[in-house]
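Some notes on the structure that comes next.
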Amino acid sequence: MPAKPERIDVLRDLNFGHRVAEEELKDLAKYFVETEQWRRIYSGAVDIVYGPKGSGKSALYALLLDKTNEFFDRGVVLISGENPRGTPVFSGLVADPPTSQRDFVSLWKLYVLVLIAGILEEYAPENPDTKTLVQALAAAGLLKKGRSLTGILQAAFDYVRRGPKSVSGEIKLDPRTGQPSGVGATITFNEPSAEDSLRGHTSVDSLFQVADKGLASLPLVVWVLLDRLDVAFADSAELEENALRALFQAYLDLLALEQIRLKIFLRTDVWRRLTKHGFREASHITRHVTINWDKPSLINLVVRRALQSPRLIQYCEVDGELVLASTITQNKIIAKLFPDQVDIGPNKPKTFDWVLSRTADGTAENAPRELIHLLNATLNAELRKLDLGSPEGEVETVFSRAALKDGLPEVSKIRLEQTLFAEYPEVRDKLLALQREKTSQSLDSLARVWRMPPAEAAALAEQLVEIGCFQKRGPKEDPEYWVPFLYRPALQMVQGAAD
């Protein structure tokens, strides 16, 4: 039996993975645990996946695509409607976007329709429905060579921008049958009149019916997956709202189809912004799930990642597979990794609760991203201490109290600068004005710090509550605005209430 490894060897072998799913696509399957949420997504019962930033939406998106062959065996073809990494496809619209929500609906539909046509061409090129669909799209100039996602989007956008060709010309009849011949080069976004139909005009919705019929004959179901929408439209709140309202309208319009499904992955805060001023269609969106992480699921995530280290398994003297089968043994691994408390005292939290409180924002929601970041920052801090020859003292666990505290400032800084400042640049100066201030603020104290009337301070404070930088406490008539632990180190804030 191999000797129990030293603590330093365990630390050097540990790796909690990347905090961003796009950077660990090859390893996601090793970390993955099947939850009820995943089973609903996998079965097809869910079309819309909501989740806070860093909650794992992109991980689920990547895992679905990783199981493309498995889905095909079930008769389901997966299409990625967005680049998993790099520049988002739809970000190209920011400089010159569609001028109306209606145009955006048309754009979404044409984009998806061309993706569906590619599947029909691949699996049933001689199918009459395939030929009808491809002929219509080609005549309208929507099928470009190469068909990259960016190229498909640009062709669809060009068509929407120039508008369907005007109705003109005579009806062409087939000399053999006397019936109207072929499919015209005009795809309309409303149902054409009887006369226009005879001229060969066809609506995009009728072409979806053709595509649906063609897929049913195979039979195949197509899921078109859309993620990273918050990144694609991040530079313009108005564009984001128009684009996403249109996407959900297109989703509802296509919901009656049997063989075609849009699968949309969206941040909960983006959805809240979208519905803040009313969104009548929202009540019809029922096939959805919200990703939630509770304490047991986060413990499972940490243990699952930690057990990728063979030396940790030897150090803890456990069977890796048996550990994951029991919450009791998972908690034992947590006890081997972390000291009982970071701050010692009868009223102080246990270490994992301390970790959760330090990685939650003002919504009190925990997400894997900051948790993984803190674990990696703690690991680096611990190794740095040992590399410099710092004595281990009485450390009996893999991580020490000091390293956990040392890891937090990096997490706080990255969260503040790369999330809050990046996504909400308009609040940057106001947040920086809170440096070295107390962690609990009243409206009067905020008005003084920000040098603005109380009414304006109240509006700004509510915005910061909405984005998770403040937590609102106390009575409605005299609220207290409490800064979460997550942001305190980066802002060098001082514990206590402002005078």
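Residue names in the structure tokens use chain letters A, B, ... in the order shown, residue numbers from 1 in each chain, and ligand numbers from 1 in the order shown.
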For Val289 (chain A), find every residue with an atom within 8 Å (counting only C-alpha atoms), except residues of its own chain fewer than 3 positions away, and show them as an MDAnalysis selection string. chainID A and resid 37 46 48:50
If you keep N, CA, C and O atoms, can you produce a file of those selected residues as a tab-separated table (two decimals), in the first residue's frame?
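Result saved to again-v7.tsv:
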```
chain	number	residue	atom	x	y	z
A	37	GLN	N	-32.41	19.17	-12.61
A	37	GLN	CA	-32.44	20.21	-13.64
A	37	GLN	C	-31.83	19.70	-14.94
A	37	GLN	O	-32.38	19.91	-16.02
A	46	VAL	N	-37.30	21.06	-21.18
A	46	VAL	CA	-36.95	22.46	-20.91
A	46	VAL	C	-36.37	23.09	-22.17
A	46	VAL	O	-35.54	22.49	-22.85
A	48	ILE	N	-35.83	26.88	-22.02
A	48	ILE	CA	-35.16	28.10	-21.56
A	48	ILE	C	-34.45	27.78	-20.24
A	48	ILE	O	-35.07	27.32	-19.29
A	49	VAL	N	-33.15	28.06	-20.20
A	49	VAL	CA	-32.35	27.82	-19.00
A	49	VAL	C	-31.87	29.17	-18.47
A	49	VAL	O	-31.10	29.86	-19.13
A	50	TYR	N	-32.37	29.53	-17.28
A	50	TYR	CA	-31.95	30.77	-16.62
A	50	TYR	C	-30.92	30.43	-15.54
A	50	TYR	O	-30.95	29.35	-14.96
```
For Tyr123 (chain A), find every residue with an atom within 10 Å (counting only C-alpha atoms), except residues of its own chain fewer than 3 positions away, and show them as a PyMOL selection string. chain A and resi 118-120+126-127+130+215+218+220
Using only C-alpha atoms, please write the residues we just selected to a file, as a PDB file, in the first residue's frame.
```pdb
ATOM      1  CA  GLY A 118     -28.237  22.623 -43.548  1.00  0.00           C
ATOM      2  CA  ILE A 119     -29.409  19.619 -41.526  1.00  0.00           C
ATOM      3  CA  LEU A 120     -31.974  18.623 -44.148  1.00  0.00           C
ATOM      4  CA  GLU A 126     -33.356  14.296 -52.200  1.00  0.00           C
ATOM      5  CA  ASN A 127     -36.351  14.857 -49.953  1.00  0.00           C
ATOM      6  CA  THR A 130     -35.562  19.722 -48.559  1.00  0.00           C
ATOM      7  CA  LEU A 215     -37.599  16.504 -40.529  1.00  0.00           C
ATOM      8  CA  LEU A 218     -36.625  11.224 -41.401  1.00  0.00           C
ATOM      9  CA  LEU A 220     -35.324  13.839 -36.706  1.00  0.00           C
TER      10      LEU A 220
END
```
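Taking CA of Asp9 (chain A) as the reference point, CA of His373 (chain A) is found at 21.0 Å.
Comparing A:Trp108, A:Phe16, A:Phe189, A:Phe470 by their smallest distance to Tyr251 (chain A), the closest is A:Trp108 (using only C-alpha atoms).
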Quick one: contact table of region 293-345 of chain A to region 379-389 of chain A, 12 Å max, nearest atom pair and distance in Å to one decimal per residue, counting only C-alpha atoms, chain and number order, as JSON lines?
```
{"residue": "A:Ala306", "atom": "CA", "partner": "A:Leu379", "partner_atom": "CA", "distance": 11.4}
{"residue": "A:Leu337", "atom": "CA", "partner": "A:Leu379", "partner_atom": "CA", "distance": 10.8}
{"residue": "A:Phe338", "atom": "CA", "partner": "A:Leu379", "partner_atom": "CA", "distance": 11.4}
```
Shell of 8 Å around Asp478 (chain A), only C-alpha atoms, local chain residues under 2 positions omitted, as JSON, numbers by chain: {"A": [442, 443, 474, 475, 476, 480]}
Could you save the residues just selected, with N, CA, C and O atoms, as a CSV table (one decimal), in the first residue's frame?
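Written file, part_25.csv:
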```
chain,number,residue,atom,x,y,z
A,442,SER,N,-26.5,54.3,5.2
A,442,SER,CA,-27.9,54.8,5.1
A,442,SER,C,-28.0,55.7,3.8
A,442,SER,O,-27.0,56.0,3.2
A,443,LEU,N,-29.2,56.1,3.5
A,443,LEU,CA,-29.4,57.0,2.4
A,443,LEU,C,-28.7,58.3,2.6
A,443,LEU,O,-28.1,58.9,1.7
A,474,GLY,N,-33.4,46.3,6.7
A,474,GLY,CA,-34.1,47.2,7.6
A,474,GLY,C,-35.5,47.6,7.1
A,474,GLY,O,-36.0,47.2,6.1
A,475,PRO,N,-36.1,48.6,7.8
A,475,PRO,CA,-37.5,49.0,7.4
A,475,PRO,C,-37.5,49.8,6.1
A,475,PRO,O,-36.5,50.4,5.7
A,476,LYS,N,-38.6,49.7,5.4
A,476,LYS,CA,-38.8,50.4,4.1
A,476,LYS,C,-38.5,51.9,4.2
A,476,LYS,O,-37.9,52.5,3.3
A,480,GLU,N,-31.3,50.2,5.2
A,480,GLU,CA,-29.8,50.2,5.3
A,480,GLU,C,-29.3,49.4,4.1
A,480,GLU,O,-29.8,48.4,3.7
```
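In terms of minimum interatomic distance to Val224 (chain A), A:Val76 ranks closest within A:Ala433, A:Val76, A:Leu244, A:Ala325, counting only C-alpha atoms.
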As a ChimeraX atom specification, which residues of region 80-324 of chain A does DSSP assign to alpha helix (DSSP H)? /A:101-123,128-139,149-162,194-198,204-216,229-232,237-254,268-275,295-306,310-316,320-324
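Closest approach to Thr268 (chain A) among A:Ala377, A:Leu491, A:Leu229, A:Val77 is made by A:Leu229 (distances from only C-alpha atoms).
If you look at CA of Ala246 (chain A) and CA of Arg102 (chain A), they are 7.0 Å away from each other.
Counting only C-alpha atoms, Thr35 (chain A) has the following residues at most 12 Å away, ignoring those fewer than 5 positions along the same chain: Arg40, Ile41, Tyr42, Leu60, Ile291, Asn292, Trp293, Pro296, Ser297, Asn300 and Leu301 of chain A.
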Contact residues around region 10-14 of chain A with only C-alpha atoms at 6 Å, ignoring same-chain residues under 4 positions, as JSON, numbers by chain: {"A": [309, 311, 312]}
Run DSSP on the backbone and tell me which residues of region 201-282 of chain A come out as strand (DSSP E); list them as a ChimeraX atom specification. /A:202-203,221-226,260-267
Residues near region 90-95 of chain A, cut-off 9 Å, only C-alpha atoms, skip fewer than 6 positions along chain, as a ChimeraX atom specification: /A:82,150,153-154,157,229,231-236,239
Restricting the output to N, CA, C and O atoms, write the selected residues as a short mmCIF file (atom, residue, chain, number, x, y, z; two decimals), in the first residue's frame.
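To be explicit, this is the file written out as part15.cif:
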```
data_model
loop_
_atom_site.label_atom_id
_atom_site.label_comp_id
_atom_site.auth_asym_id
_atom_site.auth_seq_id
_atom_site.Cartn_x
_atom_site.Cartn_y
_atom_site.Cartn_z
N GLU A 82 -24.36 29.57 -31.72
CA GLU A 82 -23.43 30.59 -31.25
C GLU A 82 -22.06 29.96 -31.08
O GLU A 82 -21.95 28.76 -30.81
N THR A 150 -21.29 33.23 -38.81
CA THR A 150 -21.23 34.66 -39.09
C THR A 150 -21.74 34.96 -40.49
O THR A 150 -22.48 35.93 -40.71
N LEU A 153 -25.56 34.57 -40.59
CA LEU A 153 -26.20 35.73 -39.96
C LEU A 153 -26.14 36.95 -40.87
O LEU A 153 -27.13 37.67 -41.02
N GLN A 154 -24.98 37.19 -41.49
CA GLN A 154 -24.84 38.37 -42.34
C GLN A 154 -25.78 38.29 -43.55
O GLN A 154 -26.40 39.29 -43.93
N PHE A 157 -29.24 39.01 -42.32
CA PHE A 157 -29.38 40.42 -41.99
C PHE A 157 -29.48 41.28 -43.25
O PHE A 157 -30.28 42.21 -43.34
N LEU A 229 -25.72 35.23 -24.94
CA LEU A 229 -26.48 36.37 -25.44
C LEU A 229 -26.18 37.63 -24.64
O LEU A 229 -26.29 38.74 -25.17
N VAL A 231 -23.27 38.46 -23.61
CA VAL A 231 -22.00 38.98 -24.15
C VAL A 231 -22.22 39.62 -25.51
O VAL A 231 -21.67 40.68 -25.81
N ALA A 232 -23.05 38.99 -26.33
CA ALA A 232 -23.26 39.47 -27.69
C ALA A 232 -23.80 40.89 -27.74
O ALA A 232 -23.43 41.69 -28.61
N PHE A 233 -24.69 41.22 -26.81
CA PHE A 233 -25.35 42.53 -26.85
C PHE A 233 -24.99 43.40 -25.65
O PHE A 233 -25.74 44.31 -25.28
N ALA A 234 -23.82 43.14 -25.07
CA ALA A 234 -23.45 43.82 -23.83
C ALA A 234 -23.23 45.32 -24.00
O ALA A 234 -23.36 46.09 -23.04
N ASP A 235 -22.91 45.77 -25.20
CA ASP A 235 -22.56 47.18 -25.40
C ASP A 235 -23.75 48.11 -25.51
O ASP A 235 -23.58 49.33 -25.54
N SER A 236 -24.95 47.56 -25.59
CA SER A 236 -26.12 48.42 -25.76
C SER A 236 -27.33 47.79 -25.08
O SER A 236 -27.81 46.74 -25.51
N LEU A 239 -30.28 47.68 -27.57
CA LEU A 239 -30.11 46.60 -28.54
C LEU A 239 -30.39 45.25 -27.88
O LEU A 239 -31.06 44.39 -28.46
#
```
Neighbours of Ile414 (chain A) within 12 Å (only C-alpha atoms; same-chain residues fewer than 2 positions away dropped), as a PyMOL selection string? chain A and resi 19+359+369-370+373-374+377+407-412+416-422+486-487+489-491
Atoms to include: N, CA, C and O atoms. Write the selected residues as a CSV table (one decimal), in the first residue's frame.
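Just written: selection05.csv:
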```csv
chain,number,residue,atom,x,y,z
A,19,ARG,N,-12.5,28.6,-13.5
A,19,ARG,CA,-13.8,29.1,-13.0
A,19,ARG,C,-14.7,29.5,-14.2
A,19,ARG,O,-15.9,29.7,-14.0
A,359,THR,N,-18.4,34.5,-1.0
A,359,THR,CA,-18.5,34.4,-2.5
A,359,THR,C,-19.9,34.7,-3.0
A,359,THR,O,-20.1,34.5,-4.2
A,369,ARG,N,-18.6,29.9,-10.0
A,369,ARG,CA,-17.5,30.7,-10.5
A,369,ARG,C,-16.6,31.3,-9.4
A,369,ARG,O,-15.4,31.1,-9.4
A,370,GLU,N,-17.2,32.0,-8.5
A,370,GLU,CA,-16.5,32.7,-7.4
A,370,GLU,C,-16.0,31.6,-6.4
A,370,GLU,O,-14.9,31.8,-5.8
A,373,HIS,N,-13.0,30.1,-8.0
A,373,HIS,CA,-11.9,31.1,-8.0
A,373,HIS,C,-11.3,31.2,-6.6
A,373,HIS,O,-10.0,31.3,-6.4
A,374,LEU,N,-12.1,31.2,-5.5
A,374,LEU,CA,-11.5,31.3,-4.2
A,374,LEU,C,-10.7,30.1,-3.8
A,374,LEU,O,-9.6,30.2,-3.2
A,377,ALA,N,-7.4,30.5,-5.6
A,377,ALA,CA,-6.6,31.5,-5.0
A,377,ALA,C,-6.0,31.1,-3.7
A,377,ALA,O,-4.9,31.4,-3.3
A,407,GLY,N,-6.6,34.4,0.0
A,407,GLY,CA,-7.2,34.2,-1.3
A,407,GLY,C,-8.3,35.1,-1.7
A,407,GLY,O,-8.6,35.4,-2.8
A,408,LEU,N,-9.0,35.6,-0.6
A,408,LEU,CA,-10.2,36.4,-0.9
A,408,LEU,C,-10.0,37.7,-1.6
A,408,LEU,O,-10.8,38.1,-2.5
A,409,PRO,N,-9.0,38.5,-1.4
A,409,PRO,CA,-8.8,39.8,-2.1
A,409,PRO,C,-8.7,39.7,-3.6
A,409,PRO,O,-9.3,40.5,-4.3
A,410,GLU,N,-8.1,38.6,-4.1
A,410,GLU,CA,-8.0,38.4,-5.5
A,410,GLU,C,-9.4,38.2,-6.1
A,410,GLU,O,-9.7,38.8,-7.2
A,411,VAL,N,-10.2,37.4,-5.5
A,411,VAL,CA,-11.5,37.1,-5.9
A,411,VAL,C,-12.4,38.4,-5.9
A,411,VAL,O,-13.1,38.7,-6.9
A,412,SER,N,-12.3,39.1,-4.9
A,412,SER,CA,-13.0,40.4,-4.7
A,412,SER,C,-12.6,41.4,-5.9
A,412,SER,O,-13.5,42.0,-6.5
A,416,LEU,N,-15.1,42.6,-8.9
A,416,LEU,CA,-15.4,44.0,-9.0
A,416,LEU,C,-15.1,44.6,-10.3
A,416,LEU,O,-15.9,45.3,-11.0
A,417,GLU,N,-13.8,44.3,-10.8
A,417,GLU,CA,-13.3,45.0,-12.0
A,417,GLU,C,-13.8,44.3,-13.3
A,417,GLU,O,-14.2,45.0,-14.2
A,418,GLN,N,-13.9,42.9,-13.3
A,418,GLN,CA,-14.2,42.2,-14.5
A,418,GLN,C,-15.7,41.9,-14.7
A,418,GLN,O,-16.2,41.6,-15.7
A,419,THR,N,-16.5,42.1,-13.6
A,419,THR,CA,-17.9,41.9,-13.7
A,419,THR,C,-18.6,43.2,-13.5
A,419,THR,O,-19.2,43.8,-14.5
A,420,LEU,N,-18.6,43.8,-12.3
A,420,LEU,CA,-19.3,45.1,-12.1
A,420,LEU,C,-18.9,46.2,-13.0
A,420,LEU,O,-19.7,46.8,-13.7
A,421,PHE,N,-17.6,46.5,-12.9
A,421,PHE,CA,-17.1,47.7,-13.7
A,421,PHE,C,-17.2,47.4,-15.2
A,421,PHE,O,-17.5,48.3,-16.0
A,422,ALA,N,-17.0,46.2,-15.6
A,422,ALA,CA,-17.1,45.9,-17.1
A,422,ALA,C,-18.5,45.9,-17.6
A,422,ALA,O,-18.8,46.4,-18.7
A,486,LEU,N,-18.2,39.9,-0.5
A,486,LEU,CA,-17.5,39.7,-1.8
A,486,LEU,C,-16.8,40.9,-2.3
A,486,LEU,O,-15.7,40.8,-2.9
A,487,TYR,N,-17.4,42.1,-2.0
A,487,TYR,CA,-16.8,43.3,-2.6
A,487,TYR,C,-16.0,44.1,-1.6
A,487,TYR,O,-15.3,45.1,-1.9
A,489,PRO,N,-13.1,43.5,0.3
A,489,PRO,CA,-11.6,43.6,0.2
A,489,PRO,C,-11.2,44.6,-0.9
A,489,PRO,O,-10.3,45.4,-0.8
A,490,ALA,N,-11.8,44.4,-2.1
A,490,ALA,CA,-11.4,45.3,-3.2
A,490,ALA,C,-11.7,46.7,-3.0
A,490,ALA,O,-11.0,47.6,-3.5
A,491,LEU,N,-12.7,47.0,-2.2
A,491,LEU,CA,-13.0,48.4,-1.9
A,491,LEU,C,-12.4,48.9,-0.6
A,491,LEU,O,-12.6,50.0,-0.1
```
